[in-house]
Amino acid sequence: MIAILIAFAAVALILPLVRRFTGRLVFLVAALVPTAAFVFTLTQSSAMLDGGQQVEVVPWVPQLDLAIAVRLDTLSWVLALVVTGVGALVLLYCARYFSDSEEGLGRFASVLLAFAGAMYGLVVADDVFLLFIFWEATSVLSYLLIGHYTGRKASRGAALQALLVTTFGGLVMFVGLVLLAVDTGTSRLSEIVALAPSGPLVTTAVMLILVGAMSKSAIVPFHFWLPAAMAAPTPVSAYLHAAAMVKAGIYLIARLAPGFADTPGWQEVIVGFGVLTMLFGAWTALRQHDLKLVLAYGTVSQLGFLMVVAGFGTRDTALAGLALLLAHALYKSTLFLVVGIVDHCSGTRDLRKLSGLGRQAPVLATVTALALISMVGLPPALGFVAKEAVFTSLLEAGADSSPLGWVALVGVALGSALTVAYSARFFWGAFSTKPDVAPVKPTTEHADFVLAPALLALSGIVLGIAAPFVDTMLKGYADTIPATGEETYHLALWHGIEPALLISAGTLVVGALVFFWRGRSLQKAHASKSSAAGAYSNVLRVIDRTAARTTSVTQRGSLPFYLGVILTVFILAVGTALVLNRSWPTGLKFWDFPAQAAIGIIMIVAAIAATRATKRFQAVVLVGVTGYGMAGIFALEGAPDLALTQILVEIVTLVAFVLVLRRLPARLGVRNGQSNRIVRATVAIAFALVMGAAAIVALGARSALPISLEWPDLAYNQGHGRNVVNVALVDLRGWDTMGELSVIIVAATGVASLIFISGRTDNLPRLPRREAKQKIKAQRRSADAAMASGDDARTSWLLAGRTLAAGNRSILLEVVVRLIFHPILIVSIYLLFAGHNLPGGGFAGGLVAGLALVARYLAGGRHELGAAAPIDAGKLLGAGLTLAVGTALVPIFFGQAALQSSFIEGEVWLFGHVEFVTSTIFDVGVYLVVVGLTLDVLRSLGAEVDRQQEDDADSKDEPEKVTA
């Protein structure tokens, strides 16, 4: 079974590619998987008929006792046959239904097959968490299927509606499943049902689960999403809304009924909402003119019918419910497929515009009649056998002093009569000859188009004739509920003249009368100004308006406002916790070294001065002082790595700020900081005091030794390094670093997208080194000639130095940069490889290399940057992340944990004793990412801004040139 699930997923992934070569025949390829699953499920028949089961368990999260557990018993076996059998036929039907020109056909085939796999996983799952995953997967995939016609507003709205309703119910159900798992101590569904716990907590959990089941199976008041979902292609309706997805809720109710049918409120909810849904859906179906909507509301009605019978909780109703579920899947999927053929043949589904189709398409009419025979409950169809079983079992329940049995019996009898009425109306509307309507002229029938619905309709007749065999198939599930009497009911085509037969005959007569009375005011009296769909729309409208108003109030585009809200919430929340705190430290230690106090005073003065600054650059430098002060504190505390990294970060940050400030006015706005100064100062001081108090309390609240005391041993014994900080980053907590690398790449991409706009790759100049050297030689020759003649000429010390305007050049800076560039790079590489045992590492080394590029840019401009780093920054970022991820994955192939490092050491000639740890490769990835980030900042905020300024200057000079 697990292999089948993998096959569903694997084939679904490749179907879009297969579509390119096969066209609409891609559906035939897709049908191979459910066909194989159907055959496999059939091979388990002997074990299922003997009441056996098949279980497969693969450990998932052993620490939490979670496993991928699947189980095939009678109930899941029947549902698996329905899901795979009907799914295979629907996919075959799709090969004829769609044309090769259909947009998104490969995607549709892939999603439909994936949905079939998710539905198969749902019915065989024996772990509540695995069941929930498949449950929500069907919701998401159905959203994609219903919204297949992305250009239609109705399709998109229906898809979103179905997703919201079923996902909401699924989340509520998940809470109930978790409560049951916690109460029983197991997440295995079969064990939970076998234990059948009771109590208030269990009752709450069961009611929550019923909400999820009702939303999935379109039970009132969640019914409205199903008719709206008819905006989907007809094959989707035939599969999802007849045989698969809507059966999920009924399946879950049937699964829980053996253990929880006696839970307080169970029968009341099941019978009450089920009968209401059956009557409402059937009555509404009589008012529809679209054949698909007639079936949609009929499906809602039948789902209420199934809910009543499958969840009633007696042995005989369980048998009848499973038989009815099987019959419904066969006849309702047939009818939806028939509607698709009618639509293709005549170009309409409006029964008011259809006339004479029965004579033009007799085979199609016959197939439809066979399905309707089963739906209304006429012999020899399986629907008749199931309906007789339903009436008999509910009669017995009522006779056993169950008032709900009588309520259920009367309700389903009335619903069955209405079913007869809308079934007759469906056949009359689709195939009869109407005197006032022009006969349709259908296209020629194709046997392959009718094949799928014909097989489904005939299956309903054959299984009805073979009722004793069906009884043998289904009684394994029914027997899981103890029988109340000495004799148990068995399925048969003929039980003789009995009350159930008379009730069934009565429903046929009443239904026929309702059909003939359809034109009267009976249906018009149903009109209502309020509906569940209207309530749904009102709720969404209120949510949209509330969100819009909230956004307009909070998202005002004011950074001071945003900071004020954040800081105020922090002050109130943390301040309240501090006021209620009763464990304040008894003693305070103000510093470890007197120099820390001096540094702290400098940081405070710089911070206050930053608030008084009138120029942007001045404010940036003053803010940077606090960063350098923090680096000094790190150094005093014996953390040279942190101090070095902090200093490098401050330098790079200062450069980035300066690059941005070039596009802003030098002075801060006149009104900057002038409004609400008292409020701002109050918030700032309060935040500082609360933050300081929180730090004191947090440090004083420690009662055990910190885990940091063990880090040196962990770094040396597990990471084979003496630099605790670096070993932690690339080994002990490598997953955190990998996540941070991803954040850095996202940030770099965001900055680049803001500047380059149209693409991730920049178009900055690239100056080949050979060309640059040739230019330098030519410049030197011309400079020598100029000096010989007494003229003033400047020699270029950098590859692209001559590209700068004379007023922007600094020979001193060019000389210094030329002298220090390569040594800086050597230092960065040293820090990279020495960082495992000495201060340094990939992050610090990358920042040093980035500073070398900063120096080249500042000295020679954007052309010099292109000459110094003739590689796209995105490639560096990607290469770095690839190295980091590769370091995480490679150990898995050698049977080790992800990111587990290995240690290699030995004697090497000339170098002596050499040690190498594989986590150094991870550090190289960090190095490349940091260099790529710095290069990205220089390319976007520096070189690209330079180019834009040059373009602006050229555009301003252009009118003057024209005038001249």
# chains A, B, ... in the order shown; residues from 1 in each chain; ligands from 1
call {"tool": "select_by_dssp", "arguments": {"residues": "segment 2-129 of chain A", "states": "alpha helix (DSSP H)", "output": "PyMOL selection string"}}
result
chain A and resi 2-22+26-43+45-49+74-97+105-124+128-129
call {"tool": "write_last_selection", "arguments": {"atoms": "C-alpha atoms", "output": "compact mmCIF listing (two decimals), in the first residue's frame"}}
result
# COMPACT_ATOMS: atom_id res chain seq x y z
CA ILE A 2 2.83 2.39 0.77
CA ALA A 3 4.39 1.49 -2.58
CA ILE A 4 1.10 2.36 -4.27
CA LEU A 5 1.07 5.76 -2.57
CA ILE A 6 4.61 6.38 -3.79
CA ALA A 7 3.58 5.36 -7.31
CA PHE A 8 0.68 7.81 -7.26
CA ALA A 9 3.02 10.64 -6.24
CA ALA A 10 5.84 9.74 -8.64
CA VAL A 11 3.67 9.37 -11.74
CA ALA A 12 1.74 12.54 -10.89
CA LEU A 13 5.01 14.48 -10.90
CA ILE A 14 6.03 13.34 -14.39
CA LEU A 15 2.63 13.67 -16.08
CA PRO A 16 3.14 17.31 -17.19
CA LEU A 17 6.25 16.15 -19.04
CA VAL A 18 4.42 13.16 -20.52
CA ARG A 19 1.67 15.50 -21.73
CA ARG A 20 4.13 17.14 -24.15
CA PHE A 21 4.51 13.87 -26.06
CA THR A 22 1.09 12.25 -25.68
CA VAL A 26 -1.72 11.44 -20.93
CA PHE A 27 -4.87 10.37 -19.09
CA LEU A 28 -4.36 6.81 -20.29
CA VAL A 29 -0.91 6.84 -18.73
CA ALA A 30 -2.37 8.29 -15.53
CA ALA A 31 -5.09 5.61 -15.46
CA LEU A 32 -2.44 2.87 -15.19
CA VAL A 33 -1.73 3.72 -11.55
CA PRO A 34 -5.29 3.52 -10.15
CA THR A 35 -5.88 0.45 -12.34
CA ALA A 36 -2.87 -1.26 -10.78
CA ALA A 37 -4.06 -0.18 -7.33
CA PHE A 38 -7.54 -1.55 -8.09
CA VAL A 39 -6.08 -4.90 -9.17
CA PHE A 40 -3.92 -5.06 -6.06
CA THR A 41 -6.91 -4.29 -3.86
CA LEU A 42 -8.88 -7.06 -5.58
CA THR A 43 -6.10 -9.52 -4.80
CA SER A 45 -10.40 -9.99 -1.48
CA SER A 46 -9.97 -13.44 0.01
CA ALA A 47 -8.40 -12.04 3.17
CA MET A 48 -11.05 -9.33 3.46
CA LEU A 49 -13.92 -11.79 2.95
CA THR A 74 -13.33 -4.43 5.05
CA LEU A 75 -14.30 -0.75 5.24
CA SER A 76 -11.08 0.63 3.78
CA TRP A 77 -11.03 -2.21 1.22
CA VAL A 78 -14.45 -1.24 -0.14
CA LEU A 79 -13.53 2.46 -0.22
CA ALA A 80 -10.19 1.67 -1.86
CA LEU A 81 -11.99 -0.26 -4.59
CA VAL A 82 -14.32 2.69 -5.14
CA VAL A 83 -11.51 5.27 -5.17
CA THR A 84 -9.25 3.34 -7.53
CA GLY A 85 -11.92 1.75 -9.74
CA VAL A 86 -13.96 4.87 -10.34
CA GLY A 87 -10.75 6.90 -10.55
CA ALA A 88 -9.38 4.72 -13.35
CA LEU A 89 -12.61 4.96 -15.34
CA VAL A 90 -12.83 8.74 -14.87
CA LEU A 91 -9.27 9.12 -16.16
CA LEU A 92 -10.17 7.00 -19.20
CA TYR A 93 -13.21 9.22 -19.71
CA CYS A 94 -11.00 12.32 -19.55
CA ALA A 95 -9.01 11.09 -22.57
CA ARG A 96 -12.19 11.51 -24.61
CA TYR A 97 -13.71 14.45 -22.75
CA LEU A 105 -4.05 19.56 -19.50
CA GLY A 106 -0.82 18.12 -18.09
CA ARG A 107 -1.30 19.98 -14.83
CA PHE A 108 -4.91 18.83 -14.61
CA ALA A 109 -3.97 15.16 -15.18
CA SER A 110 -1.20 15.43 -12.59
CA VAL A 111 -3.44 17.00 -9.95
CA LEU A 112 -6.30 14.56 -10.60
CA LEU A 113 -3.97 11.57 -10.19
CA ALA A 114 -2.42 13.12 -7.08
CA PHE A 115 -5.92 13.58 -5.68
CA ALA A 116 -6.70 9.91 -6.31
CA GLY A 117 -3.52 9.01 -4.44
CA ALA A 118 -4.40 11.30 -1.53
CA MET A 119 -7.89 9.81 -1.34
CA TYR A 120 -6.46 6.29 -1.39
CA GLY A 121 -4.08 7.28 1.41
CA LEU A 122 -6.96 8.75 3.40
CA VAL A 123 -9.01 5.54 3.39
CA VAL A 124 -6.10 3.23 4.25
CA VAL A 128 -4.80 9.98 12.88
CA PHE A 129 -2.03 12.41 11.95
call {"tool": "residues_around", "arguments": {"residues": "Ala205 of chain A", "least_positions_apart": "3", "cutoff": "12 Å", "atoms": "only C-alpha atoms", "output": "mmCIF file with N, CA and C atoms, in the first residue's frame"}}
result
data_model
loop_
_atom_site.group_PDB
_atom_site.id
_atom_site.type_symbol
_atom_site.label_atom_id
_atom_site.label_comp_id
_atom_site.auth_asym_id
_atom_site.auth_seq_id
_atom_site.Cartn_x
_atom_site.Cartn_y
_atom_site.Cartn_z
ATOM 1 N N VAL A 172 -10.802 21.921 12.630
ATOM 2 C CA VAL A 172 -11.619 21.594 13.809
ATOM 3 C C VAL A 172 -11.520 20.102 14.094
ATOM 4 N N MET A 173 -11.607 19.290 13.048
ATOM 5 C CA MET A 173 -11.492 17.845 13.206
ATOM 6 C C MET A 173 -10.137 17.456 13.788
ATOM 7 N N PHE A 174 -9.085 18.153 13.360
ATOM 8 C CA PHE A 174 -7.740 17.828 13.840
ATOM 9 C C PHE A 174 -7.637 17.994 15.350
ATOM 10 N N VAL A 175 -8.274 19.035 15.874
ATOM 11 C CA VAL A 175 -8.277 19.216 17.325
ATOM 12 C C VAL A 175 -8.923 18.011 18.004
ATOM 13 N N GLY A 176 -10.034 17.552 17.442
ATOM 14 C CA GLY A 176 -10.698 16.383 18.014
ATOM 15 C C GLY A 176 -9.838 15.141 17.938
ATOM 16 N N LEU A 177 -9.147 14.936 16.832
ATOM 17 C CA LEU A 177 -8.274 13.770 16.695
ATOM 18 C C LEU A 177 -7.138 13.818 17.709
ATOM 19 N N VAL A 178 -6.577 15.006 17.903
ATOM 20 C CA VAL A 178 -5.491 15.146 18.882
ATOM 21 C C VAL A 178 -6.004 14.833 20.293
ATOM 22 N N LEU A 179 -7.185 15.330 20.611
ATOM 23 C CA LEU A 179 -7.748 15.052 21.938
ATOM 24 C C LEU A 179 -7.945 13.550 22.139
ATOM 25 N N LEU A 180 -8.425 12.866 21.117
ATOM 26 C CA LEU A 180 -8.608 11.418 21.234
ATOM 27 C C LEU A 180 -7.265 10.715 21.381
ATOM 28 N N ALA A 181 -6.273 11.157 20.620
ATOM 29 C CA ALA A 181 -4.955 10.532 20.712
ATOM 30 C C ALA A 181 -4.346 10.737 22.088
ATOM 31 N N VAL A 182 -4.524 11.938 22.631
ATOM 32 C CA VAL A 182 -3.980 12.214 23.971
ATOM 33 C C VAL A 182 -4.734 11.407 25.024
ATOM 34 N N ASP A 183 -6.047 11.310 24.903
ATOM 35 C CA ASP A 183 -6.844 10.605 25.903
ATOM 36 C C ASP A 183 -6.558 9.112 25.899
ATOM 37 N N THR A 184 -6.323 8.537 24.731
ATOM 38 C CA THR A 184 -6.101 7.084 24.641
ATOM 39 C C THR A 184 -4.635 6.714 24.711
ATOM 40 N N PRO A 197 -12.994 5.081 24.295
ATOM 41 C CA PRO A 197 -13.083 5.774 25.589
ATOM 42 C C PRO A 197 -14.353 6.605 25.682
ATOM 43 N N SER A 198 -14.632 7.062 26.890
ATOM 44 C CA SER A 198 -15.812 7.899 27.112
ATOM 45 C C SER A 198 -15.460 9.001 28.094
ATOM 46 N N GLY A 199 -16.365 9.928 28.257
ATOM 47 C CA GLY A 199 -16.135 11.039 29.160
ATOM 48 C C GLY A 199 -16.349 12.364 28.448
ATOM 49 N N PRO A 200 -16.384 13.444 29.203
ATOM 50 C CA PRO A 200 -16.631 14.771 28.609
ATOM 51 C C PRO A 200 -15.603 15.151 27.551
ATOM 52 N N LEU A 201 -14.326 14.831 27.813
ATOM 53 C CA LEU A 201 -13.288 15.165 26.847
ATOM 54 C C LEU A 201 -13.508 14.411 25.544
ATOM 55 N N VAL A 202 -13.857 13.146 25.640
ATOM 56 C CA VAL A 202 -14.097 12.326 24.450
ATOM 57 C C VAL A 202 -15.316 12.845 23.686
ATOM 58 N N LEU A 208 -16.166 17.569 17.651
ATOM 59 C CA LEU A 208 -15.262 18.311 16.770
ATOM 60 C C LEU A 208 -14.965 17.519 15.500
ATOM 61 N N ILE A 209 -14.782 16.220 15.647
ATOM 62 C CA ILE A 209 -14.525 15.378 14.475
ATOM 63 C C ILE A 209 -15.734 15.370 13.551
ATOM 64 N N LEU A 210 -16.931 15.345 14.128
ATOM 65 C CA LEU A 210 -18.143 15.364 13.303
ATOM 66 C C LEU A 210 -18.255 16.662 12.492
ATOM 67 N N VAL A 211 -17.776 17.766 13.071
ATOM 68 C CA VAL A 211 -17.783 19.027 12.310
ATOM 69 C C VAL A 211 -16.934 18.879 11.051
ATOM 70 N N GLY A 212 -15.759 18.274 11.198
ATOM 71 C CA GLY A 212 -14.901 18.065 10.043
ATOM 72 C C GLY A 212 -15.530 17.138 9.024
ATOM 73 N N LEU A 256 -15.664 5.547 12.795
ATOM 74 C CA LEU A 256 -15.778 5.800 14.232
ATOM 75 C C LEU A 256 -17.030 5.190 14.847
ATOM 76 N N PHE A 260 -17.903 4.769 18.854
ATOM 77 C CA PHE A 260 -18.392 6.014 19.440
ATOM 78 C C PHE A 260 -19.860 6.296 19.152
ATOM 79 N N THR A 263 -21.719 7.581 22.096
ATOM 80 C CA THR A 263 -21.285 8.837 22.701
ATOM 81 C C THR A 263 -22.475 9.790 22.786
ATOM 82 N N PRO A 264 -22.661 10.469 23.919
ATOM 83 C CA PRO A 264 -23.794 11.407 24.039
ATOM 84 C C PRO A 264 -23.785 12.435 22.915
ATOM 85 N N GLY A 265 -24.923 12.580 22.259
ATOM 86 C CA GLY A 265 -25.054 13.551 21.184
ATOM 87 C C GLY A 265 -24.744 13.008 19.803
ATOM 88 N N TRP A 266 -24.119 11.844 19.721
ATOM 89 C CA TRP A 266 -23.743 11.294 18.415
ATOM 90 C C TRP A 266 -24.970 11.071 17.532
#
call {"tool": "closest_residue", "arguments": {"among": "A:Phe833, A:Phe570, A:Phe756, A:Phe391", "to": "Met691 of chain A", "atoms": "only C-alpha atoms"}}
result
A:Phe570
call {"tool": "residues_around", "arguments": {"residues": "segment 585-596 of chain A", "least_positions_apart": "4", "cutoff": "10 Å", "atoms": "only C-alpha atoms", "output": "PyMOL selection string"}}
result
chain A and resi 600-602+629-630+632-634+636-637+696-702
call {"tool": "residues_around", "arguments": {"residues": "segment 940-952 of chain A", "least_positions_apart": "4", "cutoff": "7 Å", "atoms": "only C-alpha atoms", "output": "PyMOL selection string"}}
result
chain A and resi 659-660+752+755+862+936+956
call {"tool": "write_last_selection", "arguments": {"atoms": "N, CA and C atoms", "output": "PDB file, in the first residue's frame"}}
result
ATOM      1  N   LEU A 659      26.340  54.309   0.802  1.00  0.00           N
ATOM      2  CA  LEU A 659      25.926  54.137  -0.589  1.00  0.00           C
ATOM      3  C   LEU A 659      24.474  54.570  -0.785  1.00  0.00           C
ATOM      4  N   VAL A 660      23.634  54.232   0.181  1.00  0.00           N
ATOM      5  CA  VAL A 660      22.230  54.625   0.080  1.00  0.00           C
ATOM      6  C   VAL A 660      22.054  56.118   0.291  1.00  0.00           C
ATOM      7  N   ALA A 752      18.536  43.379  -4.563  1.00  0.00           N
ATOM      8  CA  ALA A 752      18.807  43.430  -6.003  1.00  0.00           C
ATOM      9  C   ALA A 752      17.535  43.684  -6.801  1.00  0.00           C
ATOM     10  N   ILE A 755      16.564  47.303  -6.946  1.00  0.00           N
ATOM     11  CA  ILE A 755      17.425  48.176  -7.740  1.00  0.00           C
ATOM     12  C   ILE A 755      17.370  47.829  -9.221  1.00  0.00           C
ATOM     13  N   ARG A 862      32.549  51.718 -10.481  1.00  0.00           N
ATOM     14  CA  ARG A 862      31.838  50.512 -10.871  1.00  0.00           C
ATOM     15  C   ARG A 862      32.601  49.700 -11.916  1.00  0.00           C
ATOM     16  N   ASP A 936      26.786  41.788  -3.932  1.00  0.00           N
ATOM     17  CA  ASP A 936      25.439  42.169  -4.356  1.00  0.00           C
ATOM     18  C   ASP A 936      25.096  43.582  -3.883  1.00  0.00           C
ATOM     19  N   LYS A 956      19.865  65.283 -18.284  1.00  0.00           N
ATOM     20  CA  LYS A 956      19.775  66.720 -18.000  1.00  0.00           C
ATOM     21  C   LYS A 956      20.615  67.530 -18.982  1.00  0.00           C
TER      22      LYS A 956
END
call {"tool": "residues_around", "arguments": {"residues": "Pro839 of chain A", "least_positions_apart": "3", "cutoff": "9 Å", "atoms": "only C-alpha atoms", "output": "list in words"}}
result
Ala639, Pro640, Asp641, Leu642, Leu644, Asn723, Val725, Asn726, Leu831, Ala834, Gly835, His836 and Ala844 of chain A
call {"tool": "closest_residue", "arguments": {"among": "A:Ala438, A:Val220, A:Leu938, A:Val470", "to": "Leu326 of chain A", "atoms": "only C-alpha atoms"}}
result
A:Val470
call {"tool": "closest_residue", "arguments": {"among": "A:Ala365, A:Val565, A:Ala232, A:Leu491", "to": "Thr150 of chain A", "atoms": "only C-alpha atoms"}}
result
A:Ala232
call {"tool": "atom_distance", "arguments": {"atom1": "atom CA of Val309 of chain A", "atom2": "atom CA of Gly506 of chain A"}}
result
19.7 Å
call {"tool": "residues_around", "arguments": {"residues": "segment 452-454 of chain A", "least_positions_apart": "4", "cutoff": "9 Å", "atoms": "only C-alpha atoms", "output": "mmCIF file with C-alpha atoms, in the first residue's frame"}}
result
data_model
loop_
_atom_site.group_PDB
_atom_site.id
_atom_site.type_symbol
_atom_site.label_atom_id
_atom_site.label_comp_id
_atom_site.auth_asym_id
_atom_site.auth_seq_id
_atom_site.Cartn_x
_atom_site.Cartn_y
_atom_site.Cartn_z
ATOM 1 C CA VAL A 86 -13.959 4.869 -10.336
ATOM 2 C CA LEU A 89 -12.614 4.964 -15.337
ATOM 3 C CA VAL A 90 -12.831 8.736 -14.871
ATOM 4 C CA LEU A 92 -10.168 7.003 -19.203
ATOM 5 C CA TYR A 93 -13.207 9.221 -19.713
ATOM 6 C CA LEU A 330 -21.597 3.815 -8.904
ATOM 7 C CA TYR A 331 -24.824 5.515 -9.954
ATOM 8 C CA SER A 333 -20.531 9.000 -10.913
ATOM 9 C CA THR A 334 -22.361 7.496 -13.899
ATOM 10 C CA LEU A 335 -24.846 10.347 -13.979
ATOM 11 C CA PHE A 336 -22.191 13.049 -13.784
ATOM 12 C CA LEU A 337 -20.299 11.453 -16.667
ATOM 13 C CA VAL A 338 -23.566 11.297 -18.613
ATOM 14 C CA VAL A 363 -27.353 4.020 -25.699
ATOM 15 C CA LEU A 364 -26.714 7.046 -23.523
ATOM 16 C CA THR A 366 -30.196 3.435 -21.526
ATOM 17 C CA VAL A 367 -27.071 3.924 -19.433
ATOM 18 C CA THR A 368 -28.756 6.828 -17.663
ATOM 19 C CA LEU A 370 -29.799 1.983 -15.432
ATOM 20 C CA ALA A 371 -28.127 4.460 -13.072
ATOM 21 C CA ASP A 448 -15.234 4.987 -25.867
ATOM 22 C CA LEU A 458 -23.850 -2.050 -15.258
ATOM 23 C CA SER A 459 -21.802 -2.636 -12.108
#
call {"tool": "atom_distance", "arguments": {"atom1": "atom CA of Glu905 of chain A", "atom2": "atom CA of Val724 of chain A"}}
result
19.6 Å
call {"tool": "atom_distance", "arguments": {"atom1": "atom CA of Gly51 of chain A", "atom2": "atom CA of Phe384 of chain A"}}
result
25.6 Å
